[in-house]
Structure formats: C-alpha cells, structure tokens
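Everything on this sheet refers to the single structure shown next.
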Amino acid sequence: MEVKQLTYSVGIDIGGTFTDLFMIDDETGKLFVSKTPTTPSMLKEGVLAAAGLAAPQAGEKARSLLEKASKLVHGTTVSSNAIFMTKGAKVGFITTAGFGDQIMIMRGYGRVAGLSLLERRHFRKTDKPPPLVSRENIMEVHERIDRDGKVLANLEEKEVMEAVRRFKAERIEAVAIGTLWSFRNPVNEKRIKEIVTKSFPGAFVSTSHELSPLIGEYERFQTTVANAFVGPLIRDYLDELSETLTKNGLKSPLFILQASGGVAPAEDTIPVNTIESGPAAGVIAAKFLADLMGIRNVIATDVGGTTFKVSIIYDGAWSYLREFIVNQYSLRVPAVDVSSIGTGGGSIASVRLGRLRIGPESAGADPGPACYGRGGTKPTVTDADVILGYVNPDNFLGGRIKLNRALAEKAVKAEVGDVLFGGNVVKAAAGIRYVMDNMMADLIRKCSIQRGYDPKEFVLMAYGGAGPTHVSGYASEAEIREAIVPELATVFSAFGAVVCDIHHSLKISDPRPAPADPDVVSGIFEQTETKAVEKLHSEGVLDEQMALSRWVDMRYRRQVHQLTIPIGNGKLTTEDLADLVRRFEAQYQTLYGKDSAYAEAGVELVTFGVDAYGRTKKIALPKYPRSEAGQVRSAVKGKRDVYWMKLDSFAPTTVYDGTRMKAGYEFEGPAIVEHLGTTIVVDPDQRARIDEHLNTVIDMGVSR
C-alpha cells in the first residue's frame, strides 16, 4: 500500500515578544499554528521551538515536518532591530570628492523626517538620528560622471586603495559605495567595487547603482549605507538559519519576507529590503481574507508586543511606497504603506511630567512584562490587562505560561498607581488601557480621516497577540462600525508569509520631459522587463506564473515631490504617454488641490519601474457549516469578574472557549473569548458572531 507523502507550507514570523508559526497541509487544507516566546540572543532557537510545537499537531516530529515542507517563508526583525537600535555593522563609505557630507546633511530635514506634526512643532527637542556611518569613515575619491552619463573625470584608483587601507585599520565590516550619477553610468562604481572586493576580501560590499539606481543622491546614498549597515547581520543570520534548518531536515527553499509584501529566496535577499517586512505580511494576509469575504475597504491593525501598526486597504488595494522613512532615515526601498507607533502589549507605562505615557519602550520577550515573573519590574499593558481581568493568568498561551497577578499589581501600583491614582491599582490599570486605546484610535484617524477616508466606510481587521484584546476599545474610539478578528489573528503575519508572492521591483531613473518619445520609453521598459523575467526564471518561476506591472514616477519640472502613476504593458504610443500625463495631473490636483500646480513648468518622467511577481499557489481556507446562534452556550467556560470602562466597575462576565466556537454562533457583550494565543474582548453594548471561516465579527455599536 502506497503511503501518501504529506507536504506543508510553513510561515514563520519573529516578533519582539513572540515567534509565530502558521502551517497548512497542502493536500488536506488542514491548518496548524504555534506560538512561542522569541529568543532574542539566539533567534533560530525560537524558530525551531515553534516548529517543535506545531509538529505534534500534525502527527509529526519536528524533523519530519521540515522534511515534508514544500516551502518555508520566514519574516525576520534582525534588520529592523539593527536600524532602530543603531546596532549594526561598522561601515565605511566611499563617495565622490566634495559629497562626503550628503548623508550627514540629510537634505536639511533629517531631524524631523518621519515625525508627526505635533513632534515637529517642538523643533528644539528634535535631533538627527545617529549616523549609520561615522564621518571619519567616509572617504572621498576623485571621479566624476555628468547627468548624461559622460565621464568627466576618471577614477583616482590610488585614493580607493588608500580608503581600503584605512578601512582595514579601522576594522570596518561593510563598505558602501555611492557616486554621483552612477545610475546613468556605473563604470566608476563598478571599478571601485572591483578594487574593494579584491583588496578587502570578507568585507560586505554595497553599491548604489545595483541597489537603488535612482535620482536623488541623499536617498540613494542613505539606502546604500543602510544596506551595508544591516548586510553582515542578515548575511550571517540567514546563513546560520539555513544551515540549522537544513541540518534539521529542511529540503525545500527558504524564502524571506520583503517590505514590499513579497518574498525572495534567502540567497537572493537584499538585506535592506527586509526592514519592516513583518508588518507587510500582515497587510497581505488582511487583503487575502478581505477578498475571501468580499470586503473592499479595510483598516488593517496589528497590535504586537512592541508596536501598533495601521494600513489602509481601499477599493481592494493597499497603499504602496517607493520610499519610506524608518528611524528618521529615508530609504529608497519599495514597501507596503504601514504606519506605526511604539505601543503594544509589552509597552511600558510610565509617568512623565505628570502625564501617563505608554511606550515606546517595551519589556520585550526578556524579561517581559512584570507578570511573567522573569525579573521585569516595569508595568506594561499586559500587566494592566491581567489586573482588569481581560487576560486569564492561568490560561496565557493555552496555559504554557503562568502569569503572576500580584507582580503585575506591584509594578502598576509603584510606577503609576501611587503617582497618579492615589495608590488605586485598578484605576491605574484602567488608565493604562484607556490611554493605549486612544493612542491607537488616534493613529487610525491619522491614517484615514487625514487622508480623506471616512472610517465608517471601512471594516477594521484586528490581529496580532494583543489586537483582539484591545479592538473593542480602539475601534469604537475611532468610530468604526464593524471589526473582524481573524481566526488566525495571533499568527496573522506568519499566515501572510505563506500567501505572499515572489516579488522584485526593478527601476531606473532616466529623467525625460513630457511628451516623451514612446519608442524610447518602450525600450526602457522592455530592457527592465527582460531583467525581471530572467530574475524570476532563475528562481524557478514559470512563464505562466509571472505577472509584470509598469509604473512611472512623475513630477512637475524643478519640483522635488513625485507621484507614481501606473502605465500599461506592451508597445507604447503617443496617446498612451499623453494619457499618462493627464492622469498625473488629475492625481496631483486631487492630492494637493485645484490650481496648486505650476503647469507652465511642464511635466517630467523621472523613474521607470517594473514590479515583477511570481504567483504562488494560493491556499484555500476551510469553510464550516453554520450552527444555530443559540448553541453558543455550549462554548461557555464559566464566568469571571472583569473591569469594564463603560460600567466603571467590575462585572460578572461570560467567558467562552475559542476552540469550541462554531460558525453561526452569536453572543452579546460584555464577553471574553479565550483562544490559544490571544483573548477577544467584547465590550458592553457590542455584539459578535462567528462567520463561516471562524472569524469573530464584532458590531461595535457605533451609530450609522
């Protein structure tokens, strides 16, 4: 009798507090999840631990699970942590003589880049972020290319050798190379790379013409330096992880999440593209689920251990950035548009200048919140949730971690209760939750109302370990009518990793005034598409799995800000380019107002790009038959006292077992639903139902 060889698609996401795993049996469609504390000092151990927890659910051992994996997609926070904590490789930078201060000047806006309007108002309190390369390790060499790609001055190779000698003496680990107009003619950058690679073996080398062949030397240089800063860390981590997984049975390719919302093979991963990749996977998962449910407008919210993230999906599409700011550094990296604040389940509550503040500091996974009993003494949001009765101390992570309420009370009382609430621990915990929920609602408003969207026209999706626990508060504060807690909420980014496509974004700056020659523009796109197809072929993507989309970055001449406008495939005509200009002008007017443009300046086509996708096989989430709404009584675990803001007191509250919830069940708040990795909180005056995919849909009770 032939034994069927099972295969699994596996997604693993490492967060600041927990490492999450999602797995689907490719043959039967059965789903498996696991969640384990992140191991900051040895991240691969958390990956193996998550696989070890999931394996028995499928009747496997960890090794056989990895042996049968058809693919494994991994999201890492290594690069993000390095940027936020400015703890990366020691970098040396080689650039054109006279331009060594470009990344220090930061176009003059570095001290306020990425800050809110309120933060910018306190200008004296702002500052530039620490440079990723010290000024003494920026070496200038004589060479010059002009805007048309003509060599005006040959490279002084002796100066490059001198730079290498200095870098060796300074124990530099990574070398970034960025020269003027290299994207028009990279001959000098290529020669510098040859010299560095030959004379400085072992150094990680990053060049601007390969990484970001785009106009704007500051952003191009900064992206190149950032790639060098995180490069050795990512290289070493992925080499070690690949080796460990292979030794433990993995035979399939290892794919790595990208900030663009796609994946790339580990060996082809560009380090800087992994920065903030985890949040992108959550948005991909939100769109996947929204499409399944027939929903077009979604506010995707992710509450993890350290951050709260928001992304807008409008008319079935998420916003896409060609450049984003992280820790005040401007990076020319394609990314899903995700806004975040440092507020999550592990965020520390403190009193500063007489005001209660939440985050951005986090207790992380080690030592974690005070209630973990691992030495943490600072009060966190999780501690407040335990005190208020939302989180069951005996059933955290299905009972694998026992929480200590007494330690939570001690921390909250000492740091918040005694300072602001006359020693009242419950009022202090309620204050922590209230401030957090309002901070999150405020970010939702900024991402929706301030961009012209009405939150009442959107459905909110709440995921991450702490999202379901707080959605009843922050969604109602933001006047959202309906919220969805996915069945896979606690491992949503890991789920998103599995449904991501392979993605590469290829682009080149070649500024041309409109009307441009359609034959020339077509030629630029055809050359770029040829490279994209070759890239996908090298990764095993078949022609029928490929999808290519073109876009152009455009601006009014002599202006700085650009808009990205899509354009059709195939041979372009004069009318195609005229329509491109019309759509640019219409979008510009929509964004900035009527008559805001100086049309007499003319329009310029700046950058030509191609997004190349290798479509992966899409999984099918199971659908369950509906049960009678009233049968929800069979899922009741019991009752416990929970503090409700709207009642300003504790009240006996029905607690449901999430594993016993079935499609069609309905219930009213106040209520608690306990799942393996999270707790769903339904406030008084709110109603909830379980849909055919076992998602919990909450009517927030907001007037229409």
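Residue numbers start at 1 in each chain; chains themselves are named A, B, ... in the order of the structure tokens; ligands are numbered from 1 in the order shown.
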How close does each residue of stretch 344-443 of chain A get to stretch 661-675 of chain A, giving the shortest atom pair and distance in Å to one decimal for every residue with an atom at most 12 Å away, counting only C-alpha atoms, sorted by chain and residue number, as a tab-separated table?
```
residue	atom	partner	partner_atom	distance
A:Gly389	CA	A:Ile672	CA	9.5
A:Tyr390	CA	A:Ile672	CA	7.2
A:Val391	CA	A:Glu674	CA	8.4
A:Asn392	CA	A:Glu674	CA	8.4
A:Pro393	CA	A:Glu674	CA	11.6
A:Asp394	CA	A:Glu674	CA	11.4
A:Asn395	CA	A:Glu674	CA	8.2
A:Phe396	CA	A:Glu674	CA	9.1
A:Leu397	CA	A:His675	CA	8.1
A:Gly398	CA	A:His675	CA	7.4
A:Gly399	CA	A:His675	CA	10.8
```
Residues of stretch 155-224 of chain A in alpha helix (DSSP H), written as a VMD selection string: chain A and resid 157 to 169 187 to 199 208 to 211 217 to 224
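The list of residues with at least one atom within 10 Å of A:Gly364, based on only C-alpha atoms and without residues fewer than 5 positions apart in the same chain, reads A:Gly15, A:Gly16, A:Thr17, A:Phe18, A:Pro37, A:Thr38, A:Pro40, A:Gly305, A:Thr306, A:Gly344, A:Gly345, A:Gly346, A:Ser347, A:Ile348, A:Pro369, A:Gly376.
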Produce a file of the selected residues containing N, CA, C and O atoms, as a compact mmCIF listing (two decimals), in the first residue's frame.
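For reference, result-v9.txt as written:
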```
# COMPACT_ATOMS: atom_id res chain seq x y z
N GLY A 15 8.56 38.16 16.09
CA GLY A 15 8.20 39.47 16.62
C GLY A 15 9.06 39.83 17.81
O GLY A 15 9.94 39.07 18.23
N GLY A 16 8.81 40.99 18.37
CA GLY A 16 9.60 41.45 19.50
C GLY A 16 9.37 40.63 20.76
O GLY A 16 10.24 40.54 21.62
N THR A 17 8.19 39.99 20.86
CA THR A 17 7.86 39.21 22.05
C THR A 17 7.67 37.73 21.74
O THR A 17 8.13 36.87 22.49
N PHE A 18 6.98 37.43 20.62
CA PHE A 18 6.71 36.03 20.29
C PHE A 18 7.14 35.68 18.87
O PHE A 18 7.17 36.53 17.97
N PRO A 37 7.69 32.12 22.92
CA PRO A 37 8.45 33.34 23.19
C PRO A 37 9.67 33.47 22.28
O PRO A 37 10.37 32.49 22.02
N THR A 38 9.89 34.68 21.79
CA THR A 38 11.07 34.95 20.97
C THR A 38 12.33 34.79 21.83
O THR A 38 12.33 35.09 23.02
N PRO A 40 15.70 36.34 21.87
CA PRO A 40 16.49 37.42 21.28
C PRO A 40 17.96 37.09 21.07
O PRO A 40 18.56 37.50 20.07
N GLY A 305 3.73 42.88 20.50
CA GLY A 305 4.29 43.11 21.82
C GLY A 305 4.91 44.47 21.98
O GLY A 305 4.98 45.01 23.09
N THR A 306 5.35 45.08 20.86
CA THR A 306 6.08 46.34 20.96
C THR A 306 5.47 47.49 20.16
O THR A 306 5.76 48.65 20.46
N GLY A 344 2.32 48.51 22.32
CA GLY A 344 1.90 47.13 22.16
C GLY A 344 1.68 46.50 23.52
O GLY A 344 1.73 47.17 24.56
N GLY A 345 1.46 45.20 23.53
CA GLY A 345 1.18 44.51 24.77
C GLY A 345 2.31 44.60 25.78
O GLY A 345 2.07 44.61 26.99
N GLY A 346 3.54 44.65 25.29
CA GLY A 346 4.68 44.73 26.19
C GLY A 346 5.17 46.14 26.45
O GLY A 346 6.20 46.33 27.13
N SER A 347 4.45 47.15 25.93
CA SER A 347 4.87 48.55 26.10
C SER A 347 4.81 48.96 27.56
O SER A 347 3.87 48.61 28.29
N ILE A 348 5.82 49.70 27.98
CA ILE A 348 5.95 50.09 29.39
C ILE A 348 5.17 51.37 29.66
O ILE A 348 5.26 52.34 28.91
N PRO A 369 6.89 41.48 30.50
CA PRO A 369 6.08 42.20 31.50
C PRO A 369 6.34 41.67 32.91
O PRO A 369 6.81 40.54 33.10
N GLY A 376 11.17 41.27 35.27
CA GLY A 376 10.69 42.59 34.85
C GLY A 376 9.98 43.30 35.99
O GLY A 376 9.17 42.68 36.70
```
Residue set, stretch 377-553 of chain A restricted to strand (DSSP E or B), as a PyMOL selection string: chain A and resi 380+396+401+459-463+482-485+502-513+546-553
Selection file, N, CA, C and O atoms, as a compact mmCIF listing (two decimals), in the first residue's frame:
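Result went into again-v9.txt, see below:
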```
# COMPACT_ATOMS: atom_id res chain seq x y z
N THR A 380 3.46 47.09 32.32
CA THR A 380 3.16 47.09 30.89
C THR A 380 1.66 47.00 30.66
O THR A 380 0.88 46.79 31.60
N PHE A 396 -2.67 31.74 29.79
CA PHE A 396 -1.89 32.51 28.82
C PHE A 396 -1.13 31.53 27.93
O PHE A 396 -0.45 30.62 28.42
N ILE A 401 2.30 29.42 29.80
CA ILE A 401 2.96 30.44 30.62
C ILE A 401 1.98 30.87 31.71
O ILE A 401 0.87 31.31 31.41
N VAL A 459 -14.24 48.44 7.21
CA VAL A 459 -14.26 47.40 8.22
C VAL A 459 -12.86 47.32 8.81
O VAL A 459 -11.86 47.40 8.08
N LEU A 460 -12.75 47.20 10.11
CA LEU A 460 -11.45 47.12 10.75
C LEU A 460 -11.09 45.65 10.99
O LEU A 460 -11.93 44.84 11.38
N MET A 461 -9.85 45.30 10.71
CA MET A 461 -9.36 43.96 10.98
C MET A 461 -8.31 44.05 12.08
O MET A 461 -7.35 44.83 11.97
N ALA A 462 -8.47 43.26 13.13
CA ALA A 462 -7.58 43.33 14.28
C ALA A 462 -6.84 42.00 14.44
O ALA A 462 -7.47 40.95 14.53
N TYR A 463 -5.53 42.07 14.47
CA TYR A 463 -4.74 40.85 14.62
C TYR A 463 -3.48 41.15 15.42
O TYR A 463 -3.30 42.25 15.94
N GLU A 482 -17.69 48.10 12.36
CA GLU A 482 -17.56 46.66 12.43
C GLU A 482 -16.09 46.27 12.45
O GLU A 482 -15.28 46.83 11.72
N ALA A 483 -15.76 45.32 13.29
CA ALA A 483 -14.39 44.83 13.39
C ALA A 483 -14.38 43.32 13.21
O ALA A 483 -15.31 42.62 13.64
N ILE A 484 -13.32 42.83 12.58
CA ILE A 484 -13.15 41.40 12.35
C ILE A 484 -11.88 40.94 13.04
O ILE A 484 -10.81 41.52 12.84
N VAL A 485 -12.01 39.93 13.87
CA VAL A 485 -10.84 39.27 14.45
C VAL A 485 -10.68 37.95 13.71
O VAL A 485 -11.48 37.02 13.88
N ILE A 502 6.30 35.80 -4.80
CA ILE A 502 7.66 36.28 -5.04
C ILE A 502 7.55 37.65 -5.70
O ILE A 502 6.71 37.86 -6.58
N HIS A 503 8.37 38.60 -5.28
CA HIS A 503 8.26 39.96 -5.80
C HIS A 503 9.62 40.61 -5.93
O HIS A 503 10.45 40.52 -5.02
N HIS A 504 9.86 41.24 -7.07
CA HIS A 504 11.04 42.07 -7.27
C HIS A 504 10.59 43.38 -7.91
O HIS A 504 9.74 43.39 -8.80
N SER A 505 11.17 44.47 -7.45
CA SER A 505 10.87 45.79 -8.02
C SER A 505 12.13 46.31 -8.69
O SER A 505 13.13 46.60 -8.02
N LEU A 506 12.11 46.41 -10.01
CA LEU A 506 13.26 46.90 -10.77
C LEU A 506 12.94 48.28 -11.30
O LEU A 506 11.84 48.53 -11.82
N LYS A 507 13.89 49.20 -11.19
CA LYS A 507 13.62 50.56 -11.62
C LYS A 507 14.92 51.24 -12.03
O LYS A 507 16.01 50.83 -11.63
N ILE A 508 14.75 52.31 -12.81
CA ILE A 508 15.90 53.10 -13.25
C ILE A 508 15.45 54.54 -13.46
O ILE A 508 14.39 54.78 -14.04
N SER A 509 16.22 55.48 -12.96
CA SER A 509 15.92 56.90 -13.19
C SER A 509 16.54 57.32 -14.51
O SER A 509 17.71 57.07 -14.78
N ASP A 510 15.73 57.96 -15.33
CA ASP A 510 16.18 58.48 -16.64
C ASP A 510 15.28 59.66 -16.99
O ASP A 510 14.40 59.56 -17.84
N PRO A 511 15.46 60.81 -16.28
CA PRO A 511 14.54 61.94 -16.41
C PRO A 511 14.35 62.40 -17.86
O PRO A 511 15.33 62.63 -18.58
N ARG A 512 13.08 62.53 -18.26
CA ARG A 512 12.74 62.95 -19.62
C ARG A 512 11.51 63.85 -19.56
O ARG A 512 10.51 63.48 -18.95
N PRO A 513 11.56 65.00 -20.22
CA PRO A 513 10.39 65.88 -20.23
C PRO A 513 9.28 65.29 -21.09
O PRO A 513 9.53 64.59 -22.08
N MET A 546 4.07 34.24 -13.98
CA MET A 546 4.62 35.60 -13.90
C MET A 546 3.56 36.66 -14.16
O MET A 546 2.62 36.46 -14.93
N ALA A 547 3.75 37.80 -13.51
CA ALA A 547 2.92 38.99 -13.77
C ALA A 547 3.83 40.20 -13.66
O ALA A 547 4.59 40.33 -12.70
N LEU A 548 3.77 41.08 -14.65
CA LEU A 548 4.60 42.28 -14.68
C LEU A 548 3.71 43.51 -14.73
O LEU A 548 2.71 43.54 -15.46
N SER A 549 4.02 44.51 -13.94
CA SER A 549 3.28 45.77 -13.99
C SER A 549 4.26 46.93 -14.04
O SER A 549 5.27 46.93 -13.34
N ARG A 550 3.94 47.90 -14.88
CA ARG A 550 4.82 49.05 -15.09
C ARG A 550 4.31 50.28 -14.32
O ARG A 550 3.12 50.42 -14.10
N TRP A 551 5.22 51.16 -14.00
CA TRP A 551 4.86 52.42 -13.37
C TRP A 551 5.92 53.47 -13.69
O TRP A 551 7.05 53.15 -14.05
N VAL A 552 5.52 54.73 -13.53
CA VAL A 552 6.43 55.85 -13.76
C VAL A 552 6.33 56.83 -12.60
O VAL A 552 5.22 57.19 -12.20
N ASP A 553 7.46 57.23 -12.05
CA ASP A 553 7.49 58.32 -11.08
C ASP A 553 7.57 59.63 -11.87
O ASP A 553 8.47 59.82 -12.69
```
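Residues with any atom within 10 Å of stretch 166-170 of chain A, counting only C-alpha atoms and excluding same-chain neighbours fewer than 3 positions away, are Lys90, Val91, Gly92, Phe93, Glu136, Asn137, Ile138, Met139, Val160, Met161, Glu162, Ala163, Glu173, Ala174, Val175, Ser199, Phe200 and Ala203 of chain A.
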Nearby residues (only C-alpha atoms) at most 7 Å from stretch 580-594 of chain A, same-chain spacing under 3 positions excluded, as a ChimeraX atom specification: /A:565,567,576-577
Restrict the calculation to only C-alpha atoms, then for each residue of stretch 24-65 of chain A with any atom at most 8 Å from an atom of stretch 608-629 of chain A give the closest atom pair and their distance in Å to one decimal, rows by chain and rising residue number, as a tab-separated table.
```
residue	atom	partner	partner_atom	distance
A:Asp26	CA	A:Ile619	CA	7.8
A:Gly29	CA	A:Ala620	CA	6.8
A:Lys30	CA	A:Pro622	CA	7.7
```
Residue nearest A:Ala475 among A:Asn297, A:Thr679, A:Asn438, A:Thr274 (counting only C-alpha atoms): A:Asn438
Non-local contacts of A:Ser260 (8 Å; only C-alpha atoms; under 4 positions in same chain excluded) as JSON, numbers by chain: {"A": [273, 277, 280, 320, 333, 334, 335, 336, 503]}
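As for atom CA of A:Phe308 and atom CA of A:Val283, they are spaced 13.0 Å apart.
Of the residues listed (A:Gly368, A:Gly342, A:Gly496, A:Gly638), A:Gly342 shows the shortest atom-to-atom separation from A:Met439; distances use only C-alpha atoms.
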Polymer residues at most 12 Å from A:Gly701, only C-alpha atoms, same-chain spacing of 2 or more positions, as a list in words: Lys456, Ser472, Gly473, Ala475, Ser476, Glu477, Glu479, Ile480, Arg481, Glu482, Ala483, Glu668, Gly669, Val682, Asp683, Pro684, Asp685, Gln686, Arg687, Ala688, Ile698, Asp699, Ser703 and Arg704 of chain A
Those same residues - N, CA, C and O atoms - I'd like them written as a compact mmCIF listing (two decimals), in the first residue's frame.
```txt
# COMPACT_ATOMS: atom_id res chain seq x y z
N LYS A 456 -16.03 55.17 8.94
CA LYS A 456 -17.30 54.46 8.98
C LYS A 456 -17.56 53.67 7.70
O LYS A 456 -18.44 52.82 7.66
N SER A 472 -12.00 46.21 20.86
CA SER A 472 -13.29 46.76 21.28
C SER A 472 -13.15 48.19 21.75
O SER A 472 -14.09 48.99 21.63
N GLY A 473 -11.97 48.54 22.26
CA GLY A 473 -11.74 49.90 22.72
C GLY A 473 -11.31 50.83 21.61
O GLY A 473 -11.94 51.86 21.36
N ALA A 475 -11.28 50.49 18.31
CA ALA A 475 -12.15 50.58 17.13
C ALA A 475 -13.35 51.48 17.41
O ALA A 475 -13.74 52.29 16.57
N SER A 476 -13.96 51.35 18.59
CA SER A 476 -15.10 52.19 18.91
C SER A 476 -14.68 53.64 19.08
O SER A 476 -15.41 54.57 18.70
N GLU A 477 -13.49 53.88 19.66
CA GLU A 477 -12.99 55.25 19.80
C GLU A 477 -12.79 55.89 18.43
O GLU A 477 -12.95 57.10 18.26
N GLU A 479 -14.60 55.25 15.90
CA GLU A 479 -15.93 55.25 15.28
C GLU A 479 -16.03 54.27 14.11
O GLU A 479 -16.66 54.54 13.09
N ILE A 480 -15.40 53.12 14.28
CA ILE A 480 -15.52 52.04 13.32
C ILE A 480 -16.81 51.27 13.62
O ILE A 480 -17.14 51.01 14.78
N ARG A 481 -17.55 50.89 12.60
CA ARG A 481 -18.82 50.21 12.82
C ARG A 481 -18.66 48.71 13.05
O ARG A 481 -19.40 48.12 13.83
N GLU A 482 -17.69 48.10 12.36
CA GLU A 482 -17.56 46.66 12.43
C GLU A 482 -16.09 46.27 12.45
O GLU A 482 -15.28 46.83 11.72
N ALA A 483 -15.76 45.32 13.29
CA ALA A 483 -14.39 44.83 13.39
C ALA A 483 -14.38 43.32 13.21
O ALA A 483 -15.31 42.62 13.64
N GLU A 668 -23.64 38.39 22.93
CA GLU A 668 -23.60 39.81 23.27
C GLU A 668 -22.50 40.07 24.29
O GLU A 668 -22.14 39.20 25.09
N GLY A 669 -22.00 41.32 24.27
CA GLY A 669 -21.06 41.74 25.29
C GLY A 669 -21.81 42.19 26.54
O GLY A 669 -23.03 42.43 26.48
N VAL A 682 -15.12 41.65 24.09
CA VAL A 682 -16.32 42.28 23.52
C VAL A 682 -16.96 43.12 24.61
O VAL A 682 -17.40 42.60 25.64
N ASP A 683 -17.00 44.42 24.39
CA ASP A 683 -17.50 45.36 25.39
C ASP A 683 -19.02 45.28 25.55
O ASP A 683 -19.72 44.76 24.67
N PRO A 684 -19.54 45.82 26.65
CA PRO A 684 -20.99 46.01 26.77
C PRO A 684 -21.49 46.84 25.58
O PRO A 684 -20.75 47.68 25.04
N ASP A 685 -22.71 46.58 25.15
CA ASP A 685 -23.34 47.27 24.01
C ASP A 685 -22.76 46.83 22.66
O ASP A 685 -23.10 47.42 21.63
N GLN A 686 -21.90 45.84 22.65
CA GLN A 686 -21.39 45.30 21.39
C GLN A 686 -21.91 43.87 21.21
O GLN A 686 -22.22 43.18 22.18
N ARG A 687 -22.01 43.44 19.94
CA ARG A 687 -22.46 42.09 19.62
C ARG A 687 -21.42 41.41 18.73
O ARG A 687 -20.71 42.09 17.98
N ALA A 688 -21.37 40.10 18.78
CA ALA A 688 -20.40 39.37 17.97
C ALA A 688 -21.04 38.12 17.37
O ALA A 688 -22.00 37.56 17.92
N ILE A 698 -17.41 41.62 15.03
CA ILE A 698 -17.96 42.39 16.15
C ILE A 698 -18.68 43.63 15.64
O ILE A 698 -18.07 44.45 14.93
N ASP A 699 -19.95 43.77 15.98
CA ASP A 699 -20.70 45.00 15.74
C ASP A 699 -20.33 45.94 16.89
O ASP A 699 -20.66 45.68 18.05
N SER A 703 -23.18 54.34 16.03
CA SER A 703 -24.35 54.80 15.26
C SER A 703 -23.96 55.03 13.82
O SER A 703 -22.85 55.46 13.51
N ARG A 704 -24.93 54.77 12.92
CA ARG A 704 -24.65 54.89 11.49
C ARG A 704 -25.08 56.25 10.95
O ARG A 704 -25.91 56.90 11.50
```
